[in-house]
Amino acid sequence: MREVIWIIGASTGIGKQLAMLYARAGHHIIVSARNGQLLQEFQPFGATIIPLDVLNYKAIEAAFDQVMNEFQTIERIVYLPAFYNPDSFDTLTTQVVDQTIDTNIKAPLYFIIGGRKYFQSGRVKQLALTSSLVAIQALVNDQPYSATKAALTHIGISLYNEWGDTLDIKIIAPGFVATPMTDKNTFKMPFLLTAEQAAKIIQTGLTSKKLLLEFPFPTRFLMKLASFLPHNWIKNLLHLL
Ligand SMILES: NC(=O)c1ccc[n+]([C@@H]2O[C@H](COP(=O)([O-])OP(=O)(O)OC[C@H]3O[C@@H](n4cnc5c(N)ncnc54)[C@H](OP(=O)(O)O)[C@@H]3O)[C@@H](O)[C@H]2O)c1
C-alpha cells in the first residue's frame with residue numbers, strides 16, 4: 001500500500017535517510033524542517049515540502065491544516081527535531097538550557113497540541129516521537145540534553161496510555177548514530193550506526209507492535225545494566241574513562 005508519511009526533521013541525519021527510504025519505496029512523503037533549501041532534494045520524488053520551525057506554534061497549526069487539507073489520511077508522522085549541546089555543569093549556560101528545553105520538550109508538546117484534532121479524529125494513524133537511549137541512564141557531561149530525552153520518553157508513554165487505543169504511538173530511542181548532530185562529539189562513540197542503518201531499523205520498527213524502539217542492542221543492554229547498578233559504581237567508572 002502506498003502510504004502518506006510526514007517526516008519532521010527531514011533535512012539532515014536520521015530523518016533525511018528515513019524520508020529517502022520511504023520515497024524510494026514509492027510512498028508519498030511530506031518533509032519538514034527549518035532549512036527549506038535542503039528539503040528541495042526530495043522534489044524529484046514528488047514530495048510535499050513544508051518548511052517548518054517547530055518552535056513556532058502557529059506555524060505547526062498551519063502546517064497541520066495544510067497537510068490535512070491535502071490528504072484525507074496520514075499513515076505515519078515521524079517527529080525528529082532536537083537541539084543537542086550537552087555540557088558539563090562547570091560551563092553550562094542558561095541559553096543552552098532554554099534552547100534545549102524549548103526544542104526537545106516544549107516543541108514536541110506543541111506539536112501534539114497543534115495536531116490534536118487530527119490525532120483524535122483518527123485521520124492520523126501513527127505518531128512516532130524521537131527520544132534516545134540516554135533517557136535510560138544519566139551519564140556525565142550530558143545535560144540538559146539527556147534530561148529532555150528522558151522527559152520525551154515520559155511524554156510518549158503518557159500519550160500511549162491516554163490515546164494508545166486509537167493512535168499508534170511509537171517512541172524511537174537510538175544509541176549513537178553518525179549525523180551532523182553527533183559530529184560535534186569528540187569522544188569515541190560505541191556501537192556507532194550510520195544514519196542509513198538507523199533509518200532501516202526505524203522503518204522496520206514502525207511496522208511492529210512495540211511502543212519503544214530501542215536500538216542497537218549492545219548500547220541498550222549496557223544502558224539498562226547501568227541503570228540497575230549502584231550510583232557510586234557508575235560514577236567511579238565514568239571517572240576512569
Ligand atoms: N545521532 C544520534 O546519535 C542520536 C542518538 C539518539 C537520538 N537521536 C535523536 O534523533 C533525532 C534526529 O537526530 P539526528 O542525529 O538525525 O540530528 P540532525 O542531523 O541534527 O537532524 C535534526 C533534524 O531536526 C531538524 N530541526 C532541528 N530543530 C528544528 C526546529 N526548531 N524546527 C524544525 N526542525 C528542526 C533539523 O533541520 P533544520 O536544522 O533544517 O531545522 C534536522 O532535520 C533527534 O531527536 C535526536 O535527538 C540522535
# chains A, B, ... in the order shown; residues from 1 in each chain; ligands from 1
>>> select_by_dssp(residues="stretch 185-240 of chain A", states="strand (DSSP E or B)", output="list in words")
Leu193, Thr194, Leu212, Leu213, Glu214 and Phe215 of chain A
>>> residues_near_ligand(ligand="ligand 1", cutoff="6 Å", atoms="only C-alpha atoms and all ligand atoms", output="tab-separated table (two decimals) with C-alpha atoms, in the first residue's frame")
chain	number	residue	atom	x	y	z
A	9	GLY	CA	13.35	16.91	10.80
A	10	ALA	CA	13.96	15.54	7.30
A	11	SER	CA	16.67	17.97	6.16
A	12	THR	CA	19.64	16.05	7.63
A	13	GLY	CA	20.66	12.96	9.58
A	14	ILE	CA	18.30	10.14	10.51
A	15	GLY	CA	15.17	11.95	9.30
A	33	ALA	CA	12.49	21.18	8.80
A	34	ARG	CA	13.61	24.80	9.02
A	35	ASN	CA	16.02	24.58	6.09
A	52	LEU	CA	8.59	24.47	9.46
A	53	ASP	CA	10.15	25.73	12.68
A	54	VAL	CA	8.64	23.59	15.45
A	55	LEU	CA	9.31	26.36	17.97
A	80	LEU	CA	12.68	14.07	14.97
A	81	PRO	CA	13.72	17.70	15.69
A	82	ALA	CA	16.08	18.19	18.60
A	103	THR	CA	13.28	22.37	21.21
A	130	THR	CA	12.24	10.53	18.73
A	131	SER	CA	13.86	10.16	22.13
A	132	SER	CA	17.23	8.48	22.82
A	173	ALA	CA	15.26	5.61	21.08
A	174	PRO	CA	18.53	5.25	19.17
A	175	GLY	CA	22.04	4.86	20.54
A	176	PHE	CA	24.85	6.66	18.72
A	177	VAL	CA	24.23	7.47	15.06
A	178	ALA	CA	26.67	9.36	12.80
A	179	THR	CA	24.83	12.57	11.82
A	180	PRO	CA	25.54	16.33	11.86
A	181	MET	CA	24.23	16.23	15.46
A	182	THR	CA	26.93	13.86	16.70
>>> residues_around(residues="A:Val4", least_positions_apart="4", cutoff="8 Å", atoms="only C-alpha atoms", output="list in words")
His27, His28, Ile29, Ile30, Phe71, Thr73, Ile74, Glu75 and Arg76 of chain A
>>> write_last_selection(atoms="N, CA and C atoms", output="short mmCIF file (atom, residue, chain, number, x, y, z; two decimals), in the first residue's frame")
data_model
loop_
_atom_site.label_atom_id
_atom_site.label_comp_id
_atom_site.auth_asym_id
_atom_site.auth_seq_id
_atom_site.Cartn_x
_atom_site.Cartn_y
_atom_site.Cartn_z
N HIS A 27 6.46 5.56 -1.50
CA HIS A 27 5.45 6.20 -0.65
C HIS A 27 5.44 7.71 -0.91
N HIS A 28 4.33 8.36 -0.55
CA HIS A 28 4.30 9.82 -0.68
C HIS A 28 4.83 10.43 0.60
N ILE A 29 5.89 11.20 0.50
CA ILE A 29 6.43 11.80 1.72
C ILE A 29 6.15 13.30 1.77
N ILE A 30 5.91 13.73 3.00
CA ILE A 30 5.80 15.16 3.30
C ILE A 30 7.02 15.43 4.17
N PHE A 71 -4.43 15.79 2.29
CA PHE A 71 -4.52 14.32 2.41
C PHE A 71 -5.62 13.95 3.40
N THR A 73 -5.93 10.99 4.87
CA THR A 73 -5.36 10.17 5.93
C THR A 73 -3.84 10.22 5.87
N ILE A 74 -3.21 10.27 7.03
CA ILE A 74 -1.73 10.19 7.11
C ILE A 74 -1.41 8.90 7.85
N GLU A 75 -0.65 8.02 7.20
CA GLU A 75 -0.33 6.74 7.86
C GLU A 75 0.68 6.93 8.99
N ARG A 76 1.70 7.78 8.74
CA ARG A 76 2.73 7.94 9.79
C ARG A 76 3.21 9.38 9.87
#
>>> select_by_dssp(residues="stretch 2-170 of chain A", states="alpha helix (DSSP H)", output="short mmCIF file (atom, residue, chain, number, x, y, z; two decimals) with C-alpha atoms, in the first residue's frame")
data_model
loop_
_atom_site.label_atom_id
_atom_site.label_comp_id
_atom_site.auth_asym_id
_atom_site.auth_seq_id
_atom_site.Cartn_x
_atom_site.Cartn_y
_atom_site.Cartn_z
CA GLY A 13 20.66 12.96 9.58
CA ILE A 14 18.30 10.14 10.51
CA GLY A 15 15.17 11.95 9.30
CA LYS A 16 16.66 12.58 5.87
CA GLN A 17 17.66 8.93 5.45
CA LEU A 18 14.26 7.74 6.64
CA ALA A 19 12.50 10.06 4.18
CA MET A 20 14.78 8.76 1.40
CA LEU A 21 13.91 5.15 2.27
CA TYR A 22 10.19 5.82 2.14
CA ALA A 23 10.44 7.93 -1.03
CA ARG A 24 12.49 5.28 -2.84
CA GLY A 36 13.69 24.59 3.07
CA GLN A 37 16.67 24.61 0.71
CA LEU A 38 17.88 21.20 1.88
CA LEU A 39 14.35 19.80 1.60
CA TYR A 57 3.16 27.07 17.44
CA LYS A 58 1.15 29.00 14.84
CA ALA A 59 3.34 27.50 12.12
CA ILE A 60 2.69 23.99 13.48
CA GLU A 61 -1.08 24.57 13.32
CA ALA A 62 -0.79 25.97 9.79
CA ALA A 63 1.35 23.00 8.67
CA PHE A 64 -1.20 20.52 10.09
CA ASP A 65 -4.05 22.32 8.33
CA GLN A 66 -2.10 22.33 5.03
CA VAL A 67 -1.28 18.63 5.29
CA MET A 68 -4.75 17.54 6.36
CA ASN A 69 -6.44 19.65 3.67
CA GLU A 70 -4.32 17.89 1.06
CA THR A 94 21.14 29.47 30.53
CA GLN A 95 20.93 30.00 26.76
CA VAL A 96 21.71 26.32 26.12
CA VAL A 97 19.23 25.30 28.83
CA ASP A 98 16.48 27.38 27.18
CA GLN A 99 17.18 26.22 23.64
CA THR A 100 17.40 22.55 24.63
CA ILE A 101 14.22 22.56 26.69
CA ALA A 107 8.14 21.84 20.74
CA PRO A 108 7.01 18.18 20.70
CA LEU A 109 4.25 19.07 23.19
CA TYR A 110 3.22 21.99 20.94
CA PHE A 111 3.22 19.55 18.04
CA ILE A 112 0.89 17.14 19.88
CA ILE A 113 -1.47 20.00 20.80
CA GLY A 114 -1.28 21.52 17.30
CA ARG A 116 -4.68 17.05 18.44
CA LYS A 117 -7.93 17.29 16.48
CA TYR A 118 -6.41 15.22 13.66
CA PHE A 119 -4.87 12.63 16.02
CA GLN A 120 -8.18 12.25 17.84
CA SER A 121 -10.31 12.07 14.69
CA TYR A 145 20.02 17.07 26.56
CA SER A 146 19.62 13.67 28.23
CA ALA A 147 17.11 15.06 30.75
CA THR A 148 14.97 16.35 27.88
CA LYS A 149 15.09 12.94 26.18
CA ALA A 150 14.01 11.24 29.42
CA ALA A 151 11.15 13.76 29.52
CA LEU A 152 10.18 12.98 25.93
CA THR A 153 10.09 9.24 26.64
CA HIS A 154 7.80 10.03 29.59
CA ILE A 155 5.59 12.19 27.35
CA GLY A 156 5.39 9.41 24.76
CA ILE A 157 4.41 6.79 27.35
CA SER A 158 1.75 9.08 28.82
CA LEU A 159 0.41 9.73 25.34
CA TYR A 160 0.29 5.99 24.71
CA ASN A 161 -1.61 5.48 27.98
CA GLU A 162 -4.16 8.13 27.00
CA TRP A 163 -4.56 7.74 23.23
#
>>> closest_residue(among="A:Thr91, A:Thr186, A:Asn104, A:Asn236", to="A:Leu129", atoms="only C-alpha atoms")
A:Asn104
>>> closest_residue(among="A:Ala25, A:Ile172, A:Leu237, A:Ile201", to="A:Val134", atoms="only C-alpha atoms")
A:Ile172
>>> atom_distance(atom1="atom CA of A:Phe215", atom2="atom CA of A:Tyr79")
17.2 Å
>>> atom_distance(atom1="atom CA of A:Ala195", atom2="atom CA of A:Ile8")
15.6 Å
>>> decode(residues="stretch 22-147 of chain A", atoms="C-alpha atoms", output="PDB file, in the first residue's frame")
ATOM      1  CA  TYR A  22      10.188   5.819   2.139  1.00  0.00           C
ATOM      2  CA  ALA A  23      10.438   7.931  -1.030  1.00  0.00           C
ATOM      3  CA  ARG A  24      12.485   5.282  -2.844  1.00  0.00           C
ATOM      4  CA  ALA A  25       9.925   2.649  -1.798  1.00  0.00           C
ATOM      5  CA  GLY A  26       7.252   4.677  -3.624  1.00  0.00           C
ATOM      6  CA  HIS A  27       5.451   6.202  -0.647  1.00  0.00           C
ATOM      7  CA  HIS A  28       4.296   9.819  -0.682  1.00  0.00           C
ATOM      8  CA  ILE A  29       6.435  11.797   1.717  1.00  0.00           C
ATOM      9  CA  ILE A  30       5.799  15.156   3.301  1.00  0.00           C
ATOM     10  CA  VAL A  31       9.058  16.645   4.547  1.00  0.00           C
ATOM     11  CA  SER A  32       9.585  19.422   7.077  1.00  0.00           C
ATOM     12  CA  ALA A  33      12.495  21.178   8.802  1.00  0.00           C
ATOM     13  CA  ARG A  34      13.607  24.798   9.022  1.00  0.00           C
ATOM     14  CA  ASN A  35      16.018  24.575   6.092  1.00  0.00           C
ATOM     15  CA  GLY A  36      13.687  24.594   3.073  1.00  0.00           C
ATOM     16  CA  GLN A  37      16.675  24.614   0.707  1.00  0.00           C
ATOM     17  CA  LEU A  38      17.882  21.199   1.883  1.00  0.00           C
ATOM     18  CA  LEU A  39      14.354  19.798   1.595  1.00  0.00           C
ATOM     19  CA  GLN A  40      14.378  20.534  -2.158  1.00  0.00           C
ATOM     20  CA  GLU A  41      16.381  17.323  -2.520  1.00  0.00           C
ATOM     21  CA  PHE A  42      13.066  15.486  -2.188  1.00  0.00           C
ATOM     22  CA  GLN A  43      11.439  17.349  -5.086  1.00  0.00           C
ATOM     23  CA  PRO A  44      12.328  14.672  -7.697  1.00  0.00           C
ATOM     24  CA  PHE A  45      10.247  12.219  -5.627  1.00  0.00           C
ATOM     25  CA  GLY A  46       7.191  14.474  -5.849  1.00  0.00           C
ATOM     26  CA  ALA A  47       7.376  15.145  -2.110  1.00  0.00           C
ATOM     27  CA  THR A  48       5.236  17.744  -0.395  1.00  0.00           C
ATOM     28  CA  ILE A  49       7.754  20.193   1.061  1.00  0.00           C
ATOM     29  CA  ILE A  50       6.673  22.238   4.074  1.00  0.00           C
ATOM     30  CA  PRO A  51       9.415  24.285   5.756  1.00  0.00           C
ATOM     31  CA  LEU A  52       8.589  24.475   9.460  1.00  0.00           C
ATOM     32  CA  ASP A  53      10.153  25.727  12.678  1.00  0.00           C
ATOM     33  CA  VAL A  54       8.635  23.592  15.450  1.00  0.00           C
ATOM     34  CA  LEU A  55       9.314  26.357  17.967  1.00  0.00           C
ATOM     35  CA  ASN A  56       6.544  28.366  16.258  1.00  0.00           C
ATOM     36  CA  TYR A  57       3.156  27.068  17.442  1.00  0.00           C
ATOM     37  CA  LYS A  58       1.148  28.995  14.844  1.00  0.00           C
ATOM     38  CA  ALA A  59       3.345  27.504  12.116  1.00  0.00           C
ATOM     39  CA  ILE A  60       2.692  23.989  13.476  1.00  0.00           C
ATOM     40  CA  GLU A  61      -1.084  24.571  13.316  1.00  0.00           C
ATOM     41  CA  ALA A  62      -0.793  25.968   9.791  1.00  0.00           C
ATOM     42  CA  ALA A  63       1.345  23.004   8.673  1.00  0.00           C
ATOM     43  CA  PHE A  64      -1.198  20.517  10.089  1.00  0.00           C
ATOM     44  CA  ASP A  65      -4.046  22.316   8.325  1.00  0.00           C
ATOM     45  CA  GLN A  66      -2.101  22.333   5.033  1.00  0.00           C
ATOM     46  CA  VAL A  67      -1.279  18.626   5.287  1.00  0.00           C
ATOM     47  CA  MET A  68      -4.749  17.535   6.358  1.00  0.00           C
ATOM     48  CA  ASN A  69      -6.437  19.650   3.668  1.00  0.00           C
ATOM     49  CA  GLU A  70      -4.324  17.892   1.059  1.00  0.00           C
ATOM     50  CA  PHE A  71      -4.525  14.324   2.409  1.00  0.00           C
ATOM     51  CA  GLN A  72      -7.523  12.568   3.918  1.00  0.00           C
ATOM     52  CA  THR A  73      -5.358  10.172   5.935  1.00  0.00           C
ATOM     53  CA  ILE A  74      -1.735  10.192   7.109  1.00  0.00           C
ATOM     54  CA  GLU A  75      -0.331   6.739   7.859  1.00  0.00           C
ATOM     55  CA  ARG A  76       2.732   7.937   9.786  1.00  0.00           C
ATOM     56  CA  ILE A  77       4.129  11.088  11.321  1.00  0.00           C
ATOM     57  CA  VAL A  78       7.743  10.761  12.425  1.00  0.00           C
ATOM     58  CA  TYR A  79       8.892  13.634  14.623  1.00  0.00           C
ATOM     59  CA  LEU A  80      12.677  14.071  14.965  1.00  0.00           C
ATOM     60  CA  PRO A  81      13.717  17.697  15.687  1.00  0.00           C
ATOM     61  CA  ALA A  82      16.083  18.194  18.604  1.00  0.00           C
ATOM     62  CA  PHE A  83      18.778  20.526  19.882  1.00  0.00           C
ATOM     63  CA  TYR A  84      21.972  18.875  21.143  1.00  0.00           C
ATOM     64  CA  ASN A  85      24.651  20.743  23.016  1.00  0.00           C
ATOM     65  CA  PRO A  86      25.368  18.667  26.123  1.00  0.00           C
ATOM     66  CA  ASP A  87      27.705  20.258  28.592  1.00  0.00           C
ATOM     67  CA  SER A  88      29.288  19.884  31.995  1.00  0.00           C
ATOM     68  CA  PHE A  89      27.753  21.795  34.895  1.00  0.00           C
ATOM     69  CA  ASP A  90      31.045  23.767  35.032  1.00  0.00           C
ATOM     70  CA  THR A  91      30.275  25.618  31.802  1.00  0.00           C
ATOM     71  CA  LEU A  92      26.541  25.135  31.112  1.00  0.00           C
ATOM     72  CA  THR A  93      24.757  28.379  30.106  1.00  0.00           C
ATOM     73  CA  THR A  94      21.139  29.468  30.530  1.00  0.00           C
ATOM     74  CA  GLN A  95      20.928  29.999  26.763  1.00  0.00           C
ATOM     75  CA  VAL A  96      21.714  26.316  26.116  1.00  0.00           C
ATOM     76  CA  VAL A  97      19.233  25.301  28.830  1.00  0.00           C
ATOM     77  CA  ASP A  98      16.477  27.378  27.178  1.00  0.00           C
ATOM     78  CA  GLN A  99      17.184  26.216  23.637  1.00  0.00           C
ATOM     79  CA  THR A 100      17.398  22.553  24.627  1.00  0.00           C
ATOM     80  CA  ILE A 101      14.218  22.560  26.694  1.00  0.00           C
ATOM     81  CA  ASP A 102      12.311  24.636  24.109  1.00  0.00           C
ATOM     82  CA  THR A 103      13.277  22.372  21.208  1.00  0.00           C
ATOM     83  CA  ASN A 104      13.265  18.985  22.917  1.00  0.00           C
ATOM     84  CA  ILE A 105      10.320  19.274  25.314  1.00  0.00           C
ATOM     85  CA  LYS A 106       8.134  22.277  24.521  1.00  0.00           C
ATOM     86  CA  ALA A 107       8.140  21.843  20.740  1.00  0.00           C
ATOM     87  CA  PRO A 108       7.006  18.180  20.704  1.00  0.00           C
ATOM     88  CA  LEU A 109       4.247  19.073  23.187  1.00  0.00           C
ATOM     89  CA  TYR A 110       3.224  21.991  20.939  1.00  0.00           C
ATOM     90  CA  PHE A 111       3.216  19.552  18.038  1.00  0.00           C
ATOM     91  CA  ILE A 112       0.886  17.143  19.877  1.00  0.00           C
ATOM     92  CA  ILE A 113      -1.467  20.004  20.805  1.00  0.00           C
ATOM     93  CA  GLY A 114      -1.281  21.518  17.297  1.00  0.00           C
ATOM     94  CA  GLY A 115      -2.308  18.230  15.695  1.00  0.00           C
ATOM     95  CA  ARG A 116      -4.677  17.052  18.440  1.00  0.00           C
ATOM     96  CA  LYS A 117      -7.929  17.287  16.477  1.00  0.00           C
ATOM     97  CA  TYR A 118      -6.406  15.218  13.657  1.00  0.00           C
ATOM     98  CA  PHE A 119      -4.871  12.630  16.021  1.00  0.00           C
ATOM     99  CA  GLN A 120      -8.180  12.254  17.836  1.00  0.00           C
ATOM    100  CA  SER A 121     -10.313  12.071  14.689  1.00  0.00           C
ATOM    101  CA  GLY A 122      -8.400   9.001  13.505  1.00  0.00           C
ATOM    102  CA  ARG A 123      -7.127  10.728  10.352  1.00  0.00           C
ATOM    103  CA  VAL A 124      -3.533  10.258  11.565  1.00  0.00           C
ATOM    104  CA  LYS A 125      -2.760   6.578  12.182  1.00  0.00           C
ATOM    105  CA  GLN A 126       0.694   6.711  13.783  1.00  0.00           C
ATOM    106  CA  LEU A 127       2.814   9.270  15.662  1.00  0.00           C
ATOM    107  CA  ALA A 128       6.480   8.447  16.344  1.00  0.00           C
ATOM    108  CA  LEU A 129       8.449  10.714  18.690  1.00  0.00           C
ATOM    109  CA  THR A 130      12.242  10.532  18.728  1.00  0.00           C
ATOM    110  CA  SER A 131      13.865  10.162  22.134  1.00  0.00           C
ATOM    111  CA  SER A 132      17.228   8.482  22.815  1.00  0.00           C
ATOM    112  CA  LEU A 133      18.814   5.641  24.777  1.00  0.00           C
ATOM    113  CA  VAL A 134      20.309   8.331  27.056  1.00  0.00           C
ATOM    114  CA  ALA A 135      16.810   8.525  28.539  1.00  0.00           C
ATOM    115  CA  ILE A 136      17.580   5.254  30.351  1.00  0.00           C
ATOM    116  CA  GLN A 137      20.601   6.358  32.393  1.00  0.00           C
ATOM    117  CA  ALA A 138      22.147   9.747  33.255  1.00  0.00           C
ATOM    118  CA  LEU A 139      25.870   9.696  32.498  1.00  0.00           C
ATOM    119  CA  VAL A 140      28.262  12.643  32.613  1.00  0.00           C
ATOM    120  CA  ASN A 141      28.539  15.902  30.644  1.00  0.00           C
ATOM    121  CA  ASP A 142      25.203  15.069  29.020  1.00  0.00           C
ATOM    122  CA  GLN A 143      22.855  17.736  30.381  1.00  0.00           C
ATOM    123  CA  PRO A 144      20.402  19.190  29.729  1.00  0.00           C
ATOM    124  CA  TYR A 145      20.016  17.066  26.563  1.00  0.00           C
ATOM    125  CA  SER A 146      19.616  13.673  28.227  1.00  0.00           C
ATOM    126  CA  ALA A 147      17.111  15.060  30.754  1.00  0.00           C
TER     127      ALA A 147
END
